[in-house]
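Q: Data: model_30.cif, mmCIF, C-alpha atoms.
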```cif
data_my_file
loop_
_atom_site.label_atom_id
_atom_site.label_comp_id
_atom_site.auth_asym_id
_atom_site.auth_seq_id
_atom_site.Cartn_x
_atom_site.Cartn_y
_atom_site.Cartn_z
CA MET A 224 47.54 27.83 -35.14
CA HIS A 225 47.57 31.62 -34.90
CA LYS A 226 47.46 32.92 -31.33
CA GLN A 227 44.72 35.36 -30.36
CA GLU A 228 45.88 36.66 -27.01
CA LEU A 229 43.75 38.61 -24.57
CA LYS A 230 44.40 39.62 -20.97
CA VAL A 231 41.40 39.08 -18.69
CA ALA A 232 40.76 39.47 -14.98
CA ALA A 233 38.32 38.19 -12.36
CA CYS A 234 38.08 40.90 -9.71
CA GLN A 235 37.24 39.34 -6.35
CA LEU A 236 35.80 42.12 -4.21
CA LEU A 237 33.85 42.44 -0.95
CA THR A 238 31.43 45.36 -1.10
CA SER A 239 28.45 46.68 0.88
CA LYS A 240 24.93 47.98 0.29
CA ASP A 241 26.34 51.51 0.22
CA VAL A 242 26.45 51.96 -3.56
CA LEU A 243 28.75 54.99 -3.46
CA THR A 244 31.37 53.22 -1.33
CA SER A 245 31.08 50.02 -3.35
CA THR A 246 31.53 51.94 -6.60
CA GLU A 247 34.70 53.56 -5.28
CA LYS A 248 36.10 50.11 -4.47
CA VAL A 249 35.26 48.95 -8.00
CA LEU A 250 36.98 52.01 -9.48
CA GLN A 251 40.09 51.33 -7.41
CA GLN A 252 40.30 47.79 -8.73
CA ILE A 253 39.74 49.02 -12.28
CA GLU A 254 42.70 51.35 -11.85
CA LYS A 255 44.83 48.40 -10.69
CA CYS A 256 43.64 46.40 -13.67
CA ALA A 257 44.70 49.25 -15.94
CA GLU A 258 48.22 49.08 -14.47
CA MET A 259 48.21 45.37 -15.29
CA GLN A 260 47.05 46.12 -18.87
CA ILE A 261 43.85 44.12 -18.45
CA GLN A 262 41.55 44.23 -21.48
CA ILE A 263 38.39 42.76 -19.91
CA ALA A 264 37.68 42.89 -16.16
CA ALA A 265 34.75 41.13 -14.48
CA PHE A 266 33.28 41.85 -11.02
CA PRO A 267 30.91 39.78 -8.82
CA GLU A 268 27.15 39.60 -8.85
CA GLY A 269 25.53 42.52 -7.04
CA CYS A 270 28.91 44.16 -6.64
CA LEU A 271 27.53 47.71 -6.56
CA PHE A 272 25.09 46.93 -3.73
CA GLY A 273 26.85 44.20 -1.76
CA TYR A 274 24.25 41.72 -2.99
CA CYS A 275 21.75 43.11 -0.49
CA CYS A 276 18.40 41.34 -0.79
CA GLU A 277 16.48 43.24 1.89
CA THR A 278 13.00 44.17 0.65
CA LYS A 279 13.08 47.53 2.46
CA TYR A 280 16.38 48.44 0.74
CA TRP A 281 14.84 47.99 -2.72
CA GLU A 282 11.68 49.83 -1.77
CA GLN A 283 13.69 52.89 -0.77
CA ILE A 284 16.68 53.11 -3.11
CA SER A 285 16.45 55.19 -6.28
CA PRO A 286 17.35 53.76 -9.69
CA GLN A 287 19.28 57.00 -10.23
CA VAL A 288 21.89 55.83 -7.71
CA PHE A 289 22.82 52.96 -10.01
CA LYS A 290 22.77 55.16 -13.12
CA GLU A 291 25.29 57.51 -11.49
CA ALA A 292 27.48 54.60 -10.36
CA GLU A 293 27.46 53.07 -13.82
CA ALA A 294 28.35 56.42 -15.40
CA LYS A 295 31.54 56.47 -13.34
CA ILE A 296 32.39 52.93 -14.39
CA ALA A 297 31.69 53.76 -18.03
CA ALA A 298 34.08 56.71 -17.77
CA ALA A 299 36.77 54.43 -16.31
CA ALA A 300 36.26 51.91 -19.13
CA ARG A 301 36.71 54.71 -21.65
CA LYS A 302 39.73 56.18 -19.85
CA TYR A 303 41.59 52.88 -19.62
CA ASN A 304 40.34 51.34 -22.88
CA MET A 305 39.04 48.39 -20.86
CA ALA A 306 35.84 46.34 -21.20
CA ILE A 307 34.13 45.92 -17.83
CA VAL A 308 31.44 43.51 -16.62
CA VAL A 309 30.01 44.50 -13.24
CA GLY A 310 27.19 43.24 -11.03
CA SER A 311 24.59 46.01 -10.92
CA ALA A 312 20.80 46.49 -10.84
CA HIS A 313 18.31 48.48 -12.82
CA HIS A 314 14.60 49.26 -12.70
CA ASP A 315 12.61 48.89 -15.92
CA GLY A 316 9.70 51.02 -14.73
CA GLU A 317 7.92 48.07 -13.16
CA ASN A 318 10.49 45.69 -11.72
CA TRP A 319 14.04 45.57 -10.44
CA HIS A 320 16.55 43.32 -12.21
CA ASN A 321 19.67 41.71 -10.75
CA ASP A 322 21.93 42.13 -13.74
CA LEU A 323 25.35 42.66 -15.23
CA ALA A 324 26.17 46.01 -16.78
CA ILE A 325 28.45 45.20 -19.71
CA PHE A 326 30.66 48.03 -20.97
CA ASP A 327 32.95 47.92 -23.99
CA GLN A 328 36.38 49.56 -24.25
CA GLN A 329 34.80 52.82 -25.37
CA GLY A 330 32.66 52.99 -22.23
CA SER A 331 29.41 52.21 -24.03
CA LEU A 332 26.83 50.09 -22.21
CA LYS A 333 26.63 47.24 -24.72
CA TYR A 334 24.08 45.11 -22.90
CA ARG A 335 22.39 44.27 -19.61
CA TYR A 336 22.19 40.60 -18.84
CA GLY A 337 19.60 39.90 -16.15
CA LYS A 338 19.87 36.79 -14.00
CA THR A 339 17.77 34.07 -15.62
CA PHE A 340 17.33 31.65 -12.70
CA LEU A 341 16.86 33.48 -9.41
CA ALA A 342 18.05 31.92 -6.16
CA GLY A 343 15.06 32.99 -4.10
CA GLU A 344 15.52 36.76 -4.47
CA LYS A 345 12.20 38.51 -3.79
CA TRP A 346 13.23 42.00 -4.84
CA CYS A 347 13.82 41.37 -8.55
CA THR A 348 12.37 39.53 -11.52
CA ASN A 349 14.13 37.04 -13.76
CA ASN A 350 15.45 37.59 -17.28
CA GLN A 351 12.85 37.18 -20.01
CA GLY A 352 15.13 38.31 -22.82
CA LYS A 353 17.54 36.39 -25.03
CA LEU A 354 20.97 35.02 -24.19
CA PRO A 355 23.51 37.55 -25.46
CA ILE A 356 26.84 37.13 -27.18
CA VAL A 357 28.62 40.46 -26.77
CA LYS A 358 31.88 41.29 -28.52
CA LEU A 359 34.34 42.74 -26.01
CA ALA A 360 37.97 43.40 -26.96
CA ASP A 361 37.44 41.30 -30.10
CA ALA A 362 36.22 38.29 -28.08
CA ASN A 363 32.73 36.82 -28.27
CA CYS A 364 31.46 36.70 -24.68
CA CYS A 365 28.46 35.18 -22.92
CA PHE A 366 27.32 35.65 -19.34
CA ILE A 367 25.74 33.89 -16.39
CA ILE A 368 24.99 35.06 -12.84
CA CYS A 369 25.41 32.86 -9.76
CA HIS A 370 22.53 30.32 -9.67
CA ASP A 371 22.53 30.32 -13.50
CA VAL A 372 25.62 28.08 -13.40
CA ARG A 373 23.38 25.15 -12.49
CA TYR A 374 21.67 25.36 -15.89
CA PRO A 375 24.20 24.24 -18.54
CA GLU A 376 22.11 25.32 -21.52
CA LEU A 377 22.67 28.99 -20.62
CA VAL A 378 26.30 28.51 -21.65
CA LYS A 379 25.98 25.72 -24.20
CA LEU A 380 23.59 27.61 -26.48
CA PRO A 381 25.83 30.72 -26.79
CA ALA A 382 28.93 28.51 -27.11
CA ALA A 383 27.37 26.74 -30.09
CA MET A 384 26.74 30.14 -31.65
CA GLY A 385 30.35 31.29 -31.27
CA ALA A 386 30.90 32.46 -27.68
CA GLN A 387 34.56 32.07 -26.68
CA ILE A 388 34.47 33.24 -23.05
CA CYS A 389 31.78 32.86 -20.41
CA PHE A 390 31.86 35.50 -17.68
CA PHE A 391 30.37 34.00 -14.54
CA CYS A 392 29.67 36.64 -11.88
CA SER A 393 28.49 35.34 -8.53
CA CYS A 394 27.90 35.85 -4.84
CA GLU A 395 27.38 32.28 -3.74
CA SER A 396 26.80 30.78 -0.28
CA GLY A 397 29.39 31.36 2.41
CA LEU A 398 32.04 29.08 3.84
CA LEU A 399 29.62 27.75 6.46
CA SER A 400 27.68 26.03 3.65
CA GLU A 401 30.57 23.59 3.39
CA TYR A 402 28.45 20.90 1.75
CA LYS A 403 28.06 23.16 -1.32
CA LEU A 404 31.73 23.96 -1.88
CA SER A 405 32.67 20.94 -4.00
CA ALA A 406 29.73 21.59 -6.34
CA TYR A 407 30.62 25.28 -6.52
CA ARG A 408 34.07 24.26 -7.72
CA ALA A 409 32.85 21.61 -10.15
CA MET A 410 30.15 23.55 -11.96
CA PRO A 411 32.19 26.40 -13.49
CA ILE A 412 34.86 23.89 -14.52
CA SER A 413 32.15 21.80 -16.17
CA ARG A 414 30.69 24.78 -18.02
CA ALA A 415 34.13 25.44 -19.56
CA THR A 416 35.13 21.91 -20.49
CA GLU A 417 31.73 20.64 -21.68
CA ASN A 418 31.67 23.49 -24.21
CA GLY A 419 35.33 24.04 -25.03
CA ILE A 420 35.43 27.74 -24.06
CA TYR A 421 37.13 29.83 -21.37
CA LEU A 422 35.28 30.70 -18.18
CA VAL A 423 36.13 33.70 -16.01
CA MET A 424 34.51 33.51 -12.56
CA ALA A 425 34.35 36.61 -10.35
CA ASN A 426 32.97 35.71 -6.92
CA THR A 427 32.64 37.64 -3.67
CA PRO A 428 35.14 36.64 -0.96
CA ALA A 429 34.33 35.56 2.57
CA ASN A 430 34.26 38.26 5.22
CA PRO A 431 37.11 37.59 7.70
CA ASP A 432 35.45 39.78 10.33
CA ASP A 433 32.08 38.03 10.16
CA ILE A 434 31.96 34.60 8.55
CA LYS A 435 28.13 34.73 8.65
CA ALA A 436 27.85 38.14 6.99
CA LEU A 437 25.22 38.48 4.28
CA GLY A 438 26.61 39.64 0.96
CA SER A 439 29.80 37.62 1.41
CA SER A 440 30.67 34.28 -0.16
CA HIS A 441 33.61 31.88 -0.42
CA GLY A 442 35.95 33.56 -2.92
CA ASN A 443 37.79 31.13 -5.20
CA SER A 444 37.44 33.45 -8.21
CA LYS A 445 39.13 31.71 -11.10
CA ILE A 446 39.97 31.55 -14.79
CA ILE A 447 39.40 28.18 -16.47
CA HIS A 448 40.87 26.90 -19.74
CA PRO A 449 38.58 25.29 -22.35
CA ASN A 450 40.14 21.94 -21.44
CA GLY A 451 38.81 22.29 -17.88
CA ASN A 452 42.07 23.11 -16.12
CA VAL A 453 42.02 26.01 -13.65
CA ILE A 454 44.69 28.47 -14.81
CA MET A 455 44.52 30.90 -11.89
CA GLU A 456 42.47 30.95 -8.69
CA ALA A 457 41.98 33.21 -5.67
CA GLY A 458 41.65 32.16 -2.04
CA PHE A 459 38.60 32.24 0.19
CA PHE A 460 39.31 35.67 1.69
CA GLY A 461 40.43 39.04 0.44
CA ASP A 462 40.02 41.46 -2.43
CA GLU A 463 42.12 40.03 -5.21
CA ILE A 464 42.60 40.37 -8.96
CA VAL A 465 43.02 37.02 -10.70
CA SER A 466 44.41 37.63 -14.17
CA THR A 467 46.07 35.86 -17.05
CA THR A 468 46.61 36.10 -20.78
CA ILE A 469 44.39 33.66 -22.63
CA ASP A 470 44.64 32.41 -26.19
CA LEU A 471 41.26 32.56 -27.92
CA SER A 472 42.43 30.15 -30.61
CA HIS A 473 41.91 27.42 -27.97
CA ALA A 474 38.27 28.46 -27.43
CA LYS A 475 36.71 26.55 -30.31
CA GLY A 476 33.42 25.65 -28.62
CA SER A 477 33.79 22.24 -30.24
CA GLN A 478 31.53 20.23 -27.95
CA ALA A 479 28.68 22.74 -28.12
CA LYS A 480 28.97 22.99 -31.89
CA ARG A 481 28.86 19.20 -32.26
CA THR A 482 25.47 19.21 -30.52
CA TYR A 483 24.27 21.74 -33.10
CA GLU A 484 25.81 20.13 -36.18
CA GLU A 485 25.87 16.34 -35.79
CA ASN A 486 22.93 14.21 -36.83
CA THR A 487 21.81 12.98 -33.42
CA ILE A 488 18.46 12.89 -31.67
CA LEU A 489 19.38 16.19 -29.98
CA ARG A 490 20.16 18.24 -33.06
CA LYS A 491 16.72 19.60 -33.98
CA TRP A 492 15.82 20.35 -30.38
CA PHE A 493 19.17 22.06 -29.77
CA GLN A 494 19.02 24.11 -32.98
CA GLU A 495 15.64 25.45 -31.95
CA GLY A 496 17.10 26.42 -28.59
CA CYS A 497 19.88 28.36 -30.30
CA GLU A 498 17.24 30.79 -31.56
CA PHE A 499 17.22 32.19 -28.04
CA VAL A 500 20.77 33.48 -28.56
CA GLU A 501 21.24 37.12 -29.59
CA VAL A 502 24.51 38.31 -31.12
CA VAL A 503 25.10 41.94 -30.08
#
```
Translate the structure of the given file into structure tokens.

A:
Amino acid sequence: MHKQELKVAACQLLTSKDVLTSTEKVLQQIEKCAEMQIQIAAFPEGCLFGYCCETKYWEQISPQVFKEAEAKIAAAARKYNMAIVVGSAHHDGENWHNDLAIFDQQGSLKYRYGKTFLAGEKWCTNNQGKLPIVKLADANCCFIICHDVRYPELVKLPAAMGAQICFFCSCESGLLSEYKLSAYRAMPISRATENGIYLVMANTPANPDDIKALGSSHGNSKIIHPNGNVIMEAGFFGDEIVSTTIDLSHAKGSQAKRTYEENTILRKWFQEGCEFVEVV
């Protein structure tokens, strides 16, 4: 079996609602990733705005602020020949979207994936588009944001259509929501192993200075093998880059493809669902 190696990173990063300061922190981690020869780097949900959900914040902030931040990230992607997936936001003229800005190694914005299943956010609207498969560094990638992980079809449909890596960008509940932590660990592992693809999870860490701080989470950013084993994982606290070299020849998507191909009661229903997948 011919190896298809790729170096990926989950960038665990605590940011704030100050977009300029948050962007500088992202750029610093991108520079570190470049030193590590990372080919695809992923950052948490809402990374550019500290996952601030205050209504007043979104009534006052200009979409131009995010355009300028993303331009800097695009330039870094181009400079370091690195694909970058970062939690951002954009305004479509009517509504705000909590999304991922997905840049290829040339610094082009290949796609915006908007969060499909919101977790009670009042400031944005949910994704009404298709589920993308975006080629980054010669890998077919799909994407989910935080609460999306609870809906397996968002990964299974792209996996059946050829996705090899799922980038899961999140800012989940904090450490005080202890009753959620076992599920938070189980779900990304399940999304990898039930489909037979890699999963790269970039989550926001806990804030050591204020365990109750909004815009913080529980860390544990990780990279998961298609067999369900966690290859690398971060702790609860601290800005950290979790990286490894993966072998895409292991990401066959076998389980998802069986649902599409085998003559079972699910096949027709599942094949119709796969029409919601868009290959970019």

Q: Determine the residue set returned by the PyMOL selection byres ((chain A and resi 298) around 10) for the present structure, and present it as an mmCIF file with C-alpha atoms, keeping the file's coordinate frame.

A:
```
data_model
loop_
_atom_site.group_PDB
_atom_site.id
_atom_site.type_symbol
_atom_site.label_atom_id
_atom_site.label_comp_id
_atom_site.auth_asym_id
_atom_site.auth_seq_id
_atom_site.Cartn_x
_atom_site.Cartn_y
_atom_site.Cartn_z
ATOM 1 C CA LEU A 250 36.980 52.010 -9.480
ATOM 2 C CA GLU A 293 27.460 53.070 -13.820
ATOM 3 C CA ALA A 294 28.350 56.420 -15.400
ATOM 4 C CA LYS A 295 31.540 56.470 -13.340
ATOM 5 C CA ILE A 296 32.390 52.930 -14.390
ATOM 6 C CA ALA A 297 31.690 53.760 -18.030
ATOM 7 C CA ALA A 299 36.770 54.430 -16.310
ATOM 8 C CA ALA A 300 36.260 51.910 -19.130
ATOM 9 C CA ARG A 301 36.710 54.710 -21.650
ATOM 10 C CA LYS A 302 39.730 56.180 -19.850
ATOM 11 C CA TYR A 303 41.590 52.880 -19.620
ATOM 12 C CA ASN A 304 40.340 51.340 -22.880
ATOM 13 C CA PHE A 326 30.660 48.030 -20.970
ATOM 14 C CA GLN A 328 36.380 49.560 -24.250
ATOM 15 C CA GLN A 329 34.800 52.820 -25.370
ATOM 16 C CA GLY A 330 32.660 52.990 -22.230
ATOM 17 C CA SER A 331 29.410 52.210 -24.030
#
```

Q: Quick one: which residues end up in the PyMOL selection byres ((chain A and resi 313) around 9) for this structure, as a ChimeraX atom specification?

A: /A:286-287,289-290,311-312,314-315,318-322,335

Q: Contacts of Phe390 (chain A) at 9 Å or less, counting all atoms listed in the file, minus same-chain residues fewer than 2 places along, as an mmCIF file with C-alpha atoms, in the coordinates of the input?

A:
```cif
data_model
loop_
_atom_site.group_PDB
_atom_site.id
_atom_site.type_symbol
_atom_site.label_atom_id
_atom_site.label_comp_id
_atom_site.auth_asym_id
_atom_site.auth_seq_id
_atom_site.Cartn_x
_atom_site.Cartn_y
_atom_site.Cartn_z
ATOM 1 C CA ALA A 233 38.320 38.190 -12.360
ATOM 2 C CA ALA A 265 34.750 41.130 -14.480
ATOM 3 C CA VAL A 308 31.440 43.510 -16.620
ATOM 4 C CA CYS A 364 31.460 36.700 -24.680
ATOM 5 C CA CYS A 365 28.460 35.180 -22.920
ATOM 6 C CA PHE A 366 27.320 35.650 -19.340
ATOM 7 C CA ILE A 367 25.740 33.890 -16.390
ATOM 8 C CA ILE A 368 24.990 35.060 -12.840
ATOM 9 C CA ILE A 388 34.470 33.240 -23.050
ATOM 10 C CA CYS A 392 29.670 36.640 -11.880
ATOM 11 C CA TYR A 421 37.130 29.830 -21.370
ATOM 12 C CA LEU A 422 35.280 30.700 -18.180
ATOM 13 C CA VAL A 423 36.130 33.700 -16.010
ATOM 14 C CA MET A 424 34.510 33.510 -12.560
ATOM 15 C CA ALA A 425 34.350 36.610 -10.350
#
```

Q: Out of A:Glu485, A:Glu344, A:Glu254, A:Glu268, which residue has the shortest atom-to-atom distance to Leu237 (chain A) when counting all atoms listed in the file?

A: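 The shortest atom-to-atom distance to Leu237 (chain A) comes from A:Glu268.
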
Q: Just checking: using all atoms listed in the file, which residue out of A:Met455, A:Leu437, A:Gln252, A:Lys491 ends up closest to Thr468 (chain A)?

A: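 With all atoms listed in the file as the atom set, the closest residue is A:Met455.
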
Q: Write out as a VMD selection string each polymer residue whose atoms come within 12 Å of Gln387 (chain A), counting all atoms listed in the file; drop sequence neighbours fewer than 6 positions from it.

A: chain A and resid 227 229 356 to 366 378 to 381 414 to 416 418 to 423 447 to 449 469 to 477 479 to 480

Q: Take the selection from the previous step and output its residues with C-alpha atoms, as an mmCIF file, in the coordinates of the input.

A:
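The result, written out as selection_25.cif:
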```cif
data_model
loop_
_atom_site.group_PDB
_atom_site.id
_atom_site.type_symbol
_atom_site.label_atom_id
_atom_site.label_comp_id
_atom_site.auth_asym_id
_atom_site.auth_seq_id
_atom_site.Cartn_x
_atom_site.Cartn_y
_atom_site.Cartn_z
ATOM 1 C CA GLN A 227 44.720 35.360 -30.360
ATOM 2 C CA LEU A 229 43.750 38.610 -24.570
ATOM 3 C CA ILE A 356 26.840 37.130 -27.180
ATOM 4 C CA VAL A 357 28.620 40.460 -26.770
ATOM 5 C CA LYS A 358 31.880 41.290 -28.520
ATOM 6 C CA LEU A 359 34.340 42.740 -26.010
ATOM 7 C CA ALA A 360 37.970 43.400 -26.960
ATOM 8 C CA ASP A 361 37.440 41.300 -30.100
ATOM 9 C CA ALA A 362 36.220 38.290 -28.080
ATOM 10 C CA ASN A 363 32.730 36.820 -28.270
ATOM 11 C CA CYS A 364 31.460 36.700 -24.680
ATOM 12 C CA CYS A 365 28.460 35.180 -22.920
ATOM 13 C CA PHE A 366 27.320 35.650 -19.340
ATOM 14 C CA VAL A 378 26.300 28.510 -21.650
ATOM 15 C CA LYS A 379 25.980 25.720 -24.200
ATOM 16 C CA LEU A 380 23.590 27.610 -26.480
ATOM 17 C CA PRO A 381 25.830 30.720 -26.790
ATOM 18 C CA ARG A 414 30.690 24.780 -18.020
ATOM 19 C CA ALA A 415 34.130 25.440 -19.560
ATOM 20 C CA THR A 416 35.130 21.910 -20.490
ATOM 21 C CA ASN A 418 31.670 23.490 -24.210
ATOM 22 C CA GLY A 419 35.330 24.040 -25.030
ATOM 23 C CA ILE A 420 35.430 27.740 -24.060
ATOM 24 C CA TYR A 421 37.130 29.830 -21.370
ATOM 25 C CA LEU A 422 35.280 30.700 -18.180
ATOM 26 C CA VAL A 423 36.130 33.700 -16.010
ATOM 27 C CA ILE A 447 39.400 28.180 -16.470
ATOM 28 C CA HIS A 448 40.870 26.900 -19.740
ATOM 29 C CA PRO A 449 38.580 25.290 -22.350
ATOM 30 C CA ILE A 469 44.390 33.660 -22.630
ATOM 31 C CA ASP A 470 44.640 32.410 -26.190
ATOM 32 C CA LEU A 471 41.260 32.560 -27.920
ATOM 33 C CA SER A 472 42.430 30.150 -30.610
ATOM 34 C CA HIS A 473 41.910 27.420 -27.970
ATOM 35 C CA ALA A 474 38.270 28.460 -27.430
ATOM 36 C CA LYS A 475 36.710 26.550 -30.310
ATOM 37 C CA GLY A 476 33.420 25.650 -28.620
ATOM 38 C CA SER A 477 33.790 22.240 -30.240
ATOM 39 C CA ALA A 479 28.680 22.740 -28.120
ATOM 40 C CA LYS A 480 28.970 22.990 -31.890
#
```

Q: Hey, can you check how far CA of Ala457 (chain A) sits from CA of Gln235 (chain A)?

A: 7.8 Å

Q: If you measure from CA of Trp346 (chain A) to CA of Phe272 (chain A), what distance in Å do you get, rounded to one decimal?

A: 12.9 Å

Q: Provide the CA of Gly310 (chain A) to CA of Ala382 (chain A) distance in Å, to one decimal place.

A: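 Computing the Euclidean distance for CA of Gly310 (chain A) and CA of Ala382 (chain A) yields 21.9 Å.
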
Q: Let me make sure I understand: among A:Pro375, A:Gly316, A:Cys234, A:Lys248, which one has the smallest atom-to-atom distance to Glu456 (chain A) if we use only C-alpha atoms?

A: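 Using only C-alpha atoms, Glu456 (chain A) sits closest to A:Cys234.
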
Q: Under the rule that only C-alpha atoms are counted, which of A:Gln494, A:Lys240, A:Lys445, A:Tyr374 is the nearest residue to Trp281 (chain A)?

A: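 For Trp281 (chain A), the nearest of the given residues is A:Lys240.
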
Q: Return the single residue from A:Leu323, A:Val309, A:Leu236, A:Leu404 that is closest to Phe460 (chain A), with distances computed using all atoms listed in the file.

A: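 Among the listed residues, the smallest separation from Phe460 (chain A) belongs to A:Leu236.
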
Q: Looking at all atoms listed in the file, which of A:Val372, A:Leu377, A:Ala383, A:Val242 is the one that sits closest to Tyr280 (chain A)?

A: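 Among the listed residues, the smallest separation from Tyr280 (chain A) belongs to A:Val242.
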
Q: Please identify all polymer residues within 9 Å of Ser239 (chain A), counting all atoms listed in the file, omitting same-chain residues fewer than 5 positions from it, and present them as a ChimeraX atom specification.

A: /A:244-245,270-275,438

Q: What's around Asp433 (chain A) at 12 Å? Count all atoms listed in the file, leave out sequence neighbours fewer than 5 positions away in its own chain, and write the answer as a list in words.

A: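 With the cut-off at 12 Å, the set is Gly397, Leu398, Leu399, Pro428, Gly438, Ser439, Ser440 and Phe460 of chain A.
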
Q: For this structure, which residues satisfy the selection - the PyMOL selection byres ((chain A and resi 263) around 7) - when it is evaluated on the file as given? I want them as an MDAnalysis selection string.

A: chainID A and resid 230:232 261:262 264:265 305:307

Q: How big is the axis-aligned box around all listed atoms of region 256-260 of chain A once 3 Å goes on each side, and where's its centre, in Å to one decimal, as AutoDock Vina command-line options?

A:
```
--center_x 45.9 --center_y 47.3 --center_z -16.3 --size_x 10.6 --size_y 9.9 --size_z 11.2
```
